[in-house]
Every structure is written in C-alpha cells, then in structure tokens.
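Source file final_25.txt; content: compact mmCIF, C-alpha atoms and all ligand atoms.
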# COMPACT_ATOMS: atom_id res chain seq x y z
CA GLN A 1 -20.21 -9.26 -17.13
CA THR A 2 -18.27 -11.10 -14.43
CA GLU A 3 -16.45 -13.08 -17.14
CA ASN A 4 -14.77 -10.05 -18.73
CA HIS A 5 -14.37 -8.40 -15.33
CA VAL A 6 -12.41 -11.45 -14.15
CA SER A 7 -10.32 -11.55 -17.33
CA SER A 8 -9.46 -7.86 -16.91
CA LEU A 9 -8.38 -8.61 -13.32
CA LYS A 10 -5.82 -11.00 -14.81
CA THR A 11 -4.68 -8.83 -17.74
CA ASP A 12 -4.21 -5.86 -15.44
CA LEU A 13 -1.57 -7.81 -13.53
CA VAL A 14 0.63 -8.68 -16.51
CA LYS A 15 3.99 -6.99 -15.98
CA SER A 16 5.05 -5.06 -19.08
CA CYS A 17 8.81 -5.57 -19.37
CA GLY A 18 11.02 -2.62 -18.49
CA THR A 19 8.44 -1.08 -16.20
CA PHE A 20 8.90 -0.72 -12.46
CA CYS A 21 5.67 -1.90 -10.86
CA VAL A 22 4.62 0.08 -7.79
CA LEU A 23 1.81 -1.25 -5.61
CA VAL A 24 0.20 1.45 -3.44
CA GLY A 25 -1.59 0.24 -0.33
CA VAL A 26 -4.21 2.58 1.18
CA THR A 27 -5.84 2.22 4.61
CA GLY A 28 -8.41 4.03 6.76
CA SER A 29 -6.66 7.24 7.77
CA VAL A 30 -8.12 10.52 6.58
CA ALA A 31 -4.76 10.98 4.81
CA ALA A 32 -6.14 8.52 2.22
CA LEU A 33 -7.68 11.62 0.68
CA LYS A 34 -4.22 12.15 -0.83
CA LEU A 35 -4.42 8.93 -2.90
CA PRO A 36 -5.26 10.64 -6.22
CA LEU A 37 -2.33 13.06 -5.79
CA LEU A 38 0.09 10.28 -4.80
CA VAL A 39 -0.88 8.05 -7.72
CA SER A 40 -0.68 10.85 -10.29
CA GLN A 41 2.78 11.90 -9.03
CA LEU A 42 4.06 8.30 -9.04
CA LEU A 43 2.84 7.88 -12.63
CA GLN A 44 5.08 10.80 -13.63
CA LEU A 45 8.19 8.82 -12.65
CA PRO A 46 9.93 7.25 -15.68
CA GLY A 47 8.91 3.67 -16.43
CA VAL A 48 6.62 3.36 -13.43
CA ASP A 49 3.34 1.45 -13.50
CA VAL A 50 0.96 1.74 -10.52
CA ARG A 51 -1.81 -0.40 -9.03
CA VAL A 52 -3.67 0.24 -5.78
CA VAL A 53 -4.83 -2.17 -3.10
CA THR A 54 -7.33 -0.66 -0.69
CA THR A 55 -9.00 -1.62 2.57
CA GLU A 56 -12.75 -1.13 2.88
CA HIS A 57 -12.34 1.66 5.48
CA ALA A 58 -9.99 3.60 3.18
CA LYS A 59 -12.80 3.86 0.60
CA HIS A 60 -14.47 6.50 2.75
CA PHE A 61 -11.69 9.00 2.05
CA TYR A 62 -11.09 9.08 -1.72
CA ASN A 63 -13.06 9.11 -4.96
CA PRO A 64 -12.00 6.14 -7.15
CA ALA A 65 -12.94 8.17 -10.25
CA GLU A 66 -9.98 10.43 -9.41
CA VAL A 67 -7.54 7.50 -9.36
CA PRO A 68 -6.43 6.65 -12.94
CA VAL A 69 -5.24 3.10 -12.17
CA ARG A 70 -6.86 -0.17 -11.10
CA ILE A 71 -7.89 -0.32 -7.44
CA TYR A 72 -8.11 -3.85 -6.00
CA SER A 73 -10.26 -4.64 -2.98
CA GLU A 74 -11.90 -7.57 -1.16
CA LYS A 75 -14.54 -8.33 -3.79
CA ASP A 76 -11.88 -8.74 -6.48
CA GLU A 77 -10.20 -11.52 -4.51
CA TRP A 78 -13.44 -13.49 -4.33
CA GLU A 79 -14.51 -12.79 -7.91
CA LEU A 80 -11.14 -13.96 -9.19
CA TRP A 81 -11.05 -17.16 -7.13
CA THR A 82 -14.09 -19.37 -7.42
CA GLN A 83 -12.44 -22.74 -8.08
CA ARG A 84 -9.13 -24.46 -7.39
CA SER A 85 -7.57 -23.58 -10.74
CA ASP A 86 -8.21 -19.83 -10.35
CA PRO A 87 -5.44 -17.37 -9.50
CA VAL A 88 -5.17 -16.02 -5.95
CA LEU A 89 -5.24 -12.22 -6.12
CA HIS A 90 -2.98 -11.42 -3.14
CA ILE A 91 -0.36 -13.79 -4.61
CA GLU A 92 -0.73 -12.28 -8.09
CA LEU A 93 -0.25 -8.83 -6.54
CA ARG A 94 2.93 -9.80 -4.68
CA ARG A 95 4.33 -11.27 -7.89
CA TRP A 96 3.44 -8.18 -9.92
CA ALA A 97 4.88 -5.53 -7.57
CA ASP A 98 8.56 -4.52 -7.53
CA LEU A 99 7.86 -2.16 -4.63
CA PHE A 100 5.03 -1.86 -2.09
CA VAL A 101 4.25 1.48 -0.43
CA ILE A 102 1.44 1.77 2.12
CA ALA A 103 0.34 5.40 2.25
CA PRO A 104 -1.32 6.04 4.61
CA LEU A 105 -0.75 3.23 7.09
CA ASP A 106 -3.46 3.67 9.71
CA ALA A 107 -3.14 2.57 13.35
CA ASN A 108 -5.37 -0.44 12.79
CA THR A 109 -3.39 -1.88 9.89
CA LEU A 110 -0.10 -1.06 11.63
CA GLY A 111 -1.27 -3.26 14.49
CA LYS A 112 -2.37 -6.05 12.17
CA ILE A 113 0.94 -6.11 10.26
CA ALA A 114 3.01 -6.01 13.48
CA ASN A 115 1.16 -9.17 14.56
CA GLY A 116 0.90 -11.01 11.28
CA ILE A 117 -2.88 -10.60 11.04
CA CYS A 118 -4.04 -10.99 7.43
CA ASP A 119 -7.80 -10.66 7.39
CA ASN A 120 -8.15 -8.67 4.16
CA LEU A 121 -6.60 -8.36 0.70
CA LEU A 122 -4.08 -5.68 1.71
CA THR A 123 -2.77 -7.48 4.80
CA CYS A 124 -2.58 -10.75 2.84
CA VAL A 125 -0.25 -9.08 0.33
CA VAL A 126 1.86 -7.81 3.24
CA ARG A 127 1.87 -11.25 4.87
CA ALA A 128 3.11 -12.83 1.62
CA TRP A 129 5.53 -10.04 0.72
CA ASP A 130 9.00 -10.93 -0.63
CA ILE A 131 11.21 -8.84 1.67
CA SER A 132 13.96 -8.72 -0.98
CA ARG A 133 11.68 -6.17 -2.63
CA PRO A 134 11.30 -2.69 -1.08
CA PHE A 135 8.39 -2.25 1.35
CA LEU A 136 7.74 1.34 2.47
CA PHE A 137 5.15 2.45 5.02
CA CYS A 138 3.78 5.92 5.82
CA PRO A 139 2.09 5.98 9.24
CA ALA A 140 -0.82 8.41 9.66
CA MET A 141 -3.06 8.74 12.68
CA ASN A 142 -4.32 11.17 15.28
CA THR A 143 -1.60 12.55 17.57
CA ALA A 144 -3.10 10.79 20.61
CA MET A 145 -2.89 7.49 18.74
CA TRP A 146 0.66 8.25 17.64
CA GLN A 147 1.68 8.93 21.23
CA HIS A 148 0.23 5.68 22.57
CA PRO A 149 3.24 3.52 23.65
CA ILE A 150 2.17 0.63 21.47
CA THR A 151 2.73 2.68 18.29
CA ALA A 152 6.52 2.91 18.74
CA GLN A 153 6.67 -0.80 19.56
CA GLN A 154 4.80 -1.69 16.38
CA VAL A 155 6.74 0.70 14.14
CA SER A 156 10.03 -0.76 15.36
CA ARG A 157 8.61 -4.26 14.80
CA LEU A 158 7.98 -3.40 11.15
CA LYS A 159 11.50 -2.03 10.81
CA GLU A 160 12.85 -5.30 12.24
CA PHE A 161 11.01 -7.07 9.41
CA GLY A 162 13.03 -4.91 6.99
CA TYR A 163 10.26 -2.48 6.07
CA VAL A 164 11.25 1.18 5.55
CA GLU A 165 9.37 3.87 7.49
CA ILE A 166 8.58 7.20 5.84
CA PRO A 167 7.92 9.02 9.11
CA CYS A 168 4.78 10.99 9.90
CA ILE A 169 5.08 14.74 10.41
CA ALA A 170 3.64 17.34 12.78
CA LYS A 171 0.70 19.32 11.44
CA LYS A 172 -2.59 20.82 12.52
CA LEU A 173 -4.64 17.68 11.88
CA VAL A 174 -8.10 17.62 10.32
CA CYS A 175 -9.66 17.00 13.73
CA GLY A 176 -8.09 20.20 15.05
CA ASP A 177 -5.34 18.57 17.10
CA GLU A 178 -1.83 19.91 16.56
CA GLY A 179 1.11 17.49 16.55
CA LYS A 180 2.70 14.44 14.99
CA GLY A 181 0.57 11.95 13.13
CA ALA A 182 0.14 13.57 9.73
CA MET A 183 1.25 11.46 6.78
CA ALA A 184 4.54 12.49 5.16
CA GLU A 185 4.05 14.90 2.30
CA VAL A 186 3.30 13.22 -1.04
CA SER A 187 6.44 14.80 -2.52
CA THR A 188 8.51 13.12 0.20
CA ILE A 189 6.92 9.72 -0.48
CA VAL A 190 7.50 10.06 -4.22
CA SER A 191 11.14 11.05 -3.76
CA VAL A 192 11.78 8.00 -1.57
CA VAL A 193 10.17 5.71 -4.17
CA LYS A 194 12.34 7.40 -6.80
CA GLU A 195 15.50 6.30 -4.94
CA TYR A 196 14.50 2.69 -5.52
CA LEU A 197 13.96 3.23 -9.25
CA GLN A 198 17.54 4.34 -9.74
CA LYS A 199 18.97 1.24 -8.05
CA PRO A 200 16.48 -1.56 -8.75
CA ASP A 201 19.20 -4.23 -8.58
CA GLU A 202 21.13 -2.85 -5.64
CA GLY A 203 18.39 -3.64 -3.13
CA ASN A 204 17.75 -1.23 -0.33
CA PRO A 205 19.37 2.25 -0.73
CA HIS A 206 18.24 2.84 2.86
CA PRO A 207 20.67 0.42 4.58
C1 LIG B 301 -5.33 14.71 6.15
C2 LIG B 301 -4.01 15.46 6.17
C3 LIG B 301 -3.09 14.90 5.13
C4 LIG B 301 -4.31 16.92 5.83
O1 LIG B 301 -3.12 17.64 5.87
C5 LIG B 301 -3.37 15.40 7.56
O2 LIG B 301 -4.29 15.93 8.51
C6 LIG B 301 -3.04 13.95 7.91
O3 LIG B 301 -2.16 13.36 7.32
N1 LIG B 301 -3.80 13.40 8.85
C7 LIG B 301 -3.59 11.99 9.12
C8 LIG B 301 -3.75 11.78 10.54
C9 LIG B 301 -5.10 11.25 10.82
O4 LIG B 301 -5.48 10.21 10.29
N2 LIG B 301 -5.83 12.00 11.67
C10 LIG B 301 -7.05 11.54 12.16
C11 LIG B 301 -7.69 12.33 13.06
S1 LIG B 301 -7.02 13.87 13.47
Would you put the structure from the file into structure tokens?
Amino acid sequence: QTENHVSSLKTDLVKSCGTFCVLVGVTGSVAALKLPLLVSQLLQLPGVDVRVVTTEHAKHFYNPAEVPVRIYSEKDEWELWTQRSDPVLHIELRRWADLFVIAPLDANTLGKIANGICDNLLTCVVRAWDISRPFLFCPAMNTAMWQHPITAQQVSRLKEFGYVEIPCIAKKLVCGDEGKGAMAEVSTIVSVVKEYLQKPDEGNPHP
C-alpha cells in the first residue's frame, strides 16, 4: 500500500512539458473553503496543471473530495523520505512549480514566512522558493487581525522578498464583523495568475 502510494507521490510531480505548473498553498483561514472553486477555475486556464500543498489547520475548511488534484500535506513528506536516497517532498514541489500562490494566507503563516519559520511542508516550500519564479499571496484574516500593526509590517516584509500581494477586500466576514480581511475574490486571483501565463519568460508582469 505504502509502496504504490510513495511511487504515486513521485509520478504526480513529473512536469509534463508545455504545461504551466501552478502550486496552490492553502492555510487555516476560513477562506480556505474556496479551495475547490479556486482549483477548478485555475484548471480551466490553458496548459495549466495544479497541485495543492496544505497546512493541517487548513484541512478544517475544505472537503478534499471536492478538489480534483493531488493535495500534499505533512504525512506525505515523511512517507516519501524514509532513507537518505529518498526524494525530499518540499524540494520536489519547488522544482515542479512554475508559480506558487498561497490562497488564503492566514495570519499565522504570514508571520512564519515573514520570519523564515519553516515548521511544516508549506512553509518549507516557501523557505526554499526560487524567487525568479512568481510567488503570489492572498492574505485572509479577521478584520481585528488585519488591523493589528504587525500585519502591515509583515506584508511589506513579504513584498521586500519579491512576493506579490493580491490584497484582501472588505466584506461582512463569516464571524459577523464588517471590514477588510476577506480573501480576494477567486476570479481576481485567477486573473492575476493568468497574467503570468502569458509572459512566462518575461518574469514579473507586476514590476
Ligand atoms: C470566508 C469568506 C471568503 C466568505 O466570503 C470571507 O468571509 C473571507 O474571506 N474571510 C476570511 C477572513 C477570515 O479568515 N475571517 C475569520 C474570522 S471573521
């Protein structure tokens, strides 16, 4: 069982030539409920292949059966690597992806990335990311969290690294609060990703 599971972990990270490989990161904001919608809309873009890397907290907000692509999480890293000669999943993921979009980026993972903490599969991919490849992030958190002074500091830190923010929007949030903190609409996220498809060799269309 584990044997063919491990081999499928490897085969699922073979890049088919001519495809643009989009890695979607998902973290523990309630906006993670949008993952199935985001993945299905990304798959409609020409030549796009999608994989997902999730945190454990994010798993509370979506049903994996509604996500038609491979979702990688902690256990996969440790099933794949049991001896020195085995591949390292977070390195295989950074090699596979032409673009990384974290949607939603919760307050916790924002803080980790701003400080180089890499204590799970998702943050290890971030920590190893090749910044010549597009890295987009979609913050999503309660308005009170968004307004905390540390949030702006950490968002600007990520921009200094060269990551591209897809800003959160004001909405009546699921907890009843009204204000900024809602994740950008899925259509917005998809249209930003689309800009990178058209100019894969010209680097960042968001100078
Ligand atoms: C979930 C969705 C997309 C519904 O429109 C929207 O409320 C949102 O992005 N919320 C993310 C902000 C958040 O994590 N709030 C947590 C406590 S209020």
Do you know which residues are within 7 Å of ligand LIG 301 (chain B) using all atoms listed in the file? Can you write them as a CSV table (one decimal) with C-alpha atoms, in the coordinates of the input?
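Heads up, here's the output in part-v3.csv:
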chain,number,residue,atom,x,y,z
A,29,SER,CA,-6.7,7.2,7.8
A,30,VAL,CA,-8.1,10.5,6.6
A,31,ALA,CA,-4.8,11.0,4.8
A,33,LEU,CA,-7.7,11.6,0.7
A,34,LYS,CA,-4.2,12.2,-0.8
A,106,ASP,CA,-3.5,3.7,9.7
A,140,ALA,CA,-0.8,8.4,9.7
A,141,MET,CA,-3.1,8.7,12.7
A,142,ASN,CA,-4.3,11.2,15.3
A,143,THR,CA,-1.6,12.6,17.6
A,171,LYS,CA,0.7,19.3,11.4
A,172,LYS,CA,-2.6,20.8,12.5
A,173,LEU,CA,-4.6,17.7,11.9
A,174,VAL,CA,-8.1,17.6,10.3
A,175,CYS,CA,-9.7,17.0,13.7
A,176,GLY,CA,-8.1,20.2,15.0
A,177,ASP,CA,-5.3,18.6,17.1
A,181,GLY,CA,0.6,12.0,13.1
A,182,ALA,CA,0.1,13.6,9.7
A,183,MET,CA,1.2,11.5,6.8
- Message: List the spatial neighbours of stretch 76-93 of chain A as a PyMOL selection string - criterion: any atom at most 9 Å away, only C-alpha atoms, same-chain residues fewer than 4 positions off excluded.
- Response: chain A and resi 2+5-7+9-10+13+23+51+53+72+97+121-126+128-129
- Message: Can you measure atom CA of A:Val26 to atom CA of A:His148 for me? One decimal in Å is fine.
- Response: 22.1 Å
- Message: Need to verify the contact set: A:Thr27, 9 Å, all atoms listed in the file, exclusion of same-chain residues closer than 6 positions in sequence. Can you return it as JSON, numbers by chain?
- Response: {"A": [53, 54, 55, 56, 57, 58, 59, 102, 103, 104, 105, 106, 108, 109, 122]}
- Point-to-point distance in Å for atom CA of A:Leu136 and atom CA of A:Ser40: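 Distance between the two atoms: 18.0 Å.
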- Message: Would you compute the distance between atom CA of A:Asn120 and atom CA of A:Lys75? Give it in Å to one decimal.
- Response: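 So the two atoms, atom CA of A:Asn120 and atom CA of A:Lys75, lie 10.2 Å apart.
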- Task: Mind listing whatever residues come within 12 Å of the point (10.2, 0.9, 11.6)? Use all atoms listed in the file, file coordinates, and give them as a ChimeraX atom specification.
- Result: /A:110,113-114,135-139,151-168
Around stretch 108-119 of chain A, fit a box with edges along x, y and z, padding it by 4 Å on each side, then list its centre and edge lengths in Å to one decimal as AutoDock Vina command-line options.
--center_x -2.4 --center_y -5.7 --center_z 11.0 --size_x 18.8 --size_y 18.6 --size_z 15.2
- Nearest to A:Arg94 by atom-to-atom distance, counting only C-alpha atoms, from A:Val67, A:Val39, A:Val48, A:Val22: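 Closest to A:Arg94, using only C-alpha atoms: A:Val22.
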- Task: Write out as a VMD selection string which residues come within 8 Å of A:Leu38 when counting only C-alpha atoms, dropping same-chain ones fewer than 4 positions away.
- Result: chain A and resid 34 42 186 190
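Nearest residue to A:Val192, choosing from A:Leu43, A:Ile71, A:Val52, A:Val101 and counting only C-alpha atoms: A:Val101.
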- Item | Selected residue, from A:Gln147, A:Thr11, A:Asn63, A:Ser191, that lies nearest to A:Gln44 when counting all atoms listed in the file | A:Ser191
Dump all heavy atoms of stretch 42-57 of chain A from the given block, as a JSON list (two decimals), in the first residue's frame.
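Result file out_32.json:
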[["chain", "number", "residue", "atom", "x", "y", "z"],
["A", 42, "LEU", "N", -8.64, 27.52, -11.89],
["A", 42, "LEU", "CA", -7.26, 27.51, -12.39],
["A", 42, "LEU", "C", -7.09, 26.43, -13.47],
["A", 42, "LEU", "O", -6.43, 26.63, -14.47],
["A", 42, "LEU", "CB", -6.27, 27.27, -11.25],
["A", 42, "LEU", "CG", -6.03, 28.43, -10.29],
["A", 42, "LEU", "CD1", -5.20, 27.98, -9.09],
["A", 42, "LEU", "CD2", -5.36, 29.61, -11.00],
["A", 43, "LEU", "N", -7.75, 25.30, -13.26],
["A", 43, "LEU", "CA", -7.64, 24.18, -14.22],
["A", 43, "LEU", "C", -8.25, 24.53, -15.58],
["A", 43, "LEU", "O", -7.98, 23.89, -16.58],
["A", 43, "LEU", "CB", -8.30, 22.92, -13.65],
["A", 43, "LEU", "CG", -7.53, 22.20, -12.55],
["A", 43, "LEU", "CD1", -8.37, 21.10, -11.92],
["A", 43, "LEU", "CD2", -6.22, 21.63, -13.09],
["A", 44, "GLN", "N", -9.09, 25.58, -15.59],
["A", 44, "GLN", "CA", -9.69, 25.98, -16.87],
["A", 44, "GLN", "C", -8.75, 26.86, -17.70],
["A", 44, "GLN", "O", -8.98, 27.10, -18.88],
["A", 44, "GLN", "CB", -11.01, 26.72, -16.62],
["A", 44, "GLN", "CG", -12.14, 25.76, -16.20],
["A", 44, "GLN", "CD", -13.33, 26.49, -15.59],
["A", 44, "GLN", "OE1", -13.53, 27.67, -15.86],
["A", 44, "GLN", "NE2", -14.08, 25.79, -14.76],
["A", 45, "LEU", "N", -7.65, 27.32, -17.08],
["A", 45, "LEU", "CA", -6.68, 28.12, -17.83],
["A", 45, "LEU", "C", -5.90, 27.20, -18.77],
["A", 45, "LEU", "O", -5.59, 26.07, -18.40],
["A", 45, "LEU", "CB", -5.71, 28.83, -16.87],
["A", 45, "LEU", "CG", -6.33, 29.84, -15.91],
["A", 45, "LEU", "CD1", -5.28, 30.39, -14.95],
["A", 45, "LEU", "CD2", -6.99, 30.98, -16.69],
["A", 46, "PRO", "N", -5.58, 27.68, -19.99],
["A", 46, "PRO", "CA", -4.91, 26.82, -20.97],
["A", 46, "PRO", "C", -3.54, 26.34, -20.49],
["A", 46, "PRO", "O", -2.73, 27.15, -20.03],
["A", 46, "PRO", "CB", -4.78, 27.72, -22.20],
["A", 46, "PRO", "CG", -4.92, 29.12, -21.71],
["A", 46, "PRO", "CD", -5.78, 29.05, -20.49],
["A", 47, "GLY", "N", -3.31, 25.05, -20.58],
["A", 47, "GLY", "CA", -1.99, 24.47, -20.31],
["A", 47, "GLY", "C", -1.58, 24.48, -18.85],
["A", 47, "GLY", "O", -0.41, 24.27, -18.53],
["A", 48, "VAL", "N", -2.55, 24.71, -17.96],
["A", 48, "VAL", "CA", -2.20, 24.79, -16.54],
["A", 48, "VAL", "C", -2.42, 23.45, -15.83],
["A", 48, "VAL", "O", -3.45, 22.80, -16.03],
["A", 48, "VAL", "CB", -3.03, 25.91, -15.85],
["A", 48, "VAL", "CG1", -2.94, 25.79, -14.33],
["A", 48, "VAL", "CG2", -2.53, 27.27, -16.30],
["A", 49, "ASP", "N", -1.44, 23.06, -15.03],
["A", 49, "ASP", "CA", -1.54, 21.89, -14.16],
["A", 49, "ASP", "C", -1.49, 22.41, -12.72],
["A", 49, "ASP", "O", -0.77, 23.39, -12.46],
["A", 49, "ASP", "CB", -0.36, 20.96, -14.45],
["A", 49, "ASP", "CG", -0.67, 19.51, -14.08],
["A", 49, "ASP", "OD1", -1.80, 19.25, -13.62],
["A", 49, "ASP", "OD2", 0.22, 18.65, -14.25],
["A", 50, "VAL", "N", -2.25, 21.81, -11.83],
["A", 50, "VAL", "CA", -2.35, 22.31, -10.45],
["A", 50, "VAL", "C", -2.06, 21.21, -9.43],
["A", 50, "VAL", "O", -2.49, 20.07, -9.61],
["A", 50, "VAL", "CB", -3.76, 22.90, -10.17],
["A", 50, "VAL", "CG1", -3.86, 23.42, -8.73],
["A", 50, "VAL", "CG2", -4.08, 24.03, -11.15],
["A", 51, "ARG", "N", -1.29, 21.54, -8.43],
["A", 51, "ARG", "CA", -1.15, 20.71, -7.22],
["A", 51, "ARG", "C", -1.40, 21.63, -6.03],
["A", 51, "ARG", "O", -1.24, 22.85, -6.13],
["A", 51, "ARG", "CB", 0.26, 20.13, -7.11],
["A", 51, "ARG", "CG", 0.69, 19.23, -8.25],
["A", 51, "ARG", "CD", -0.03, 17.91, -8.28],
["A", 51, "ARG", "NE", 0.47, 17.06, -9.39],
["A", 51, "ARG", "CZ", 0.04, 17.15, -10.64],
["A", 51, "ARG", "NH1", -0.88, 18.05, -10.97],
["A", 51, "ARG", "NH2", 0.54, 16.36, -11.57],
["A", 52, "VAL", "N", -1.79, 21.01, -4.90],
["A", 52, "VAL", "CA", -2.07, 21.78, -3.69],
["A", 52, "VAL", "C", -1.14, 21.34, -2.57],
["A", 52, "VAL", "O", -0.85, 20.14, -2.43],
["A", 52, "VAL", "CB", -3.55, 21.58, -3.24],
["A", 52, "VAL", "CG1", -3.81, 22.27, -1.90],
["A", 52, "VAL", "CG2", -4.51, 22.13, -4.30],
["A", 53, "VAL", "N", -0.65, 22.31, -1.79],
["A", 53, "VAL", "CA", 0.05, 21.98, -0.55],
["A", 53, "VAL", "C", -0.73, 22.66, 0.58],
["A", 53, "VAL", "O", -1.05, 23.85, 0.49],
["A", 53, "VAL", "CB", 1.54, 22.43, -0.58],
["A", 53, "VAL", "CG1", 1.73, 23.90, -0.89],
["A", 53, "VAL", "CG2", 2.23, 22.06, 0.72],
["A", 54, "THR", "N", -1.09, 21.85, 1.58],
["A", 54, "THR", "CA", -1.99, 22.34, 2.63],
["A", 54, "THR", "C", -1.31, 22.30, 3.99],
["A", 54, "THR", "O", -0.43, 21.46, 4.25],
["A", 54, "THR", "CB", -3.28, 21.50, 2.67],
["A", 54, "THR", "OG1", -4.19, 22.05, 3.64],
["A", 54, "THR", "CG2", -3.00, 20.04, 3.05],
["A", 55, "THR", "N", -1.73, 23.19, 4.88],
["A", 55, "THR", "CA", -1.35, 23.04, 6.29],
["A", 55, "THR", "C", -2.42, 22.16, 6.95],
["A", 55, "THR", "O", -3.51, 21.97, 6.40],
["A", 55, "THR", "CB", -1.30, 24.40, 7.01],
["A", 55, "THR", "OG1", -2.63, 24.96, 7.04],
["A", 55, "THR", "CG2", -0.34, 25.35, 6.32],
["A", 56, "GLU", "N", -2.10, 21.67, 8.14],
["A", 56, "GLU", "CA", -3.07, 20.83, 8.86],
["A", 56, "GLU", "C", -4.30, 21.65, 9.24],
["A", 56, "GLU", "O", -5.43, 21.17, 9.11],
["A", 56, "GLU", "CB", -2.41, 20.21, 10.10],
["A", 56, "GLU", "CG", -1.30, 19.19, 9.77],
["A", 56, "GLU", "CD", -1.74, 18.11, 8.80],
["A", 56, "GLU", "OE1", -2.74, 17.41, 9.11],
["A", 56, "GLU", "OE2", -1.13, 17.96, 7.73],
["A", 57, "HIS", "N", -4.11, 22.89, 9.68],
["A", 57, "HIS", "CA", -5.27, 23.71, 10.10],
["A", 57, "HIS", "C", -6.21, 23.97, 8.92],
["A", 57, "HIS", "O", -7.44, 24.00, 9.10],
["A", 57, "HIS", "CB", -4.79, 25.05, 10.67],
["A", 57, "HIS", "CG", -4.10, 24.93, 11.99],
["A", 57, "HIS", "ND1", -3.42, 25.98, 12.56],
["A", 57, "HIS", "CD2", -3.97, 23.88, 12.84],
["A", 57, "HIS", "CE1", -2.92, 25.58, 13.73],
["A", 57, "HIS", "NE2", -3.22, 24.31, 13.91]]
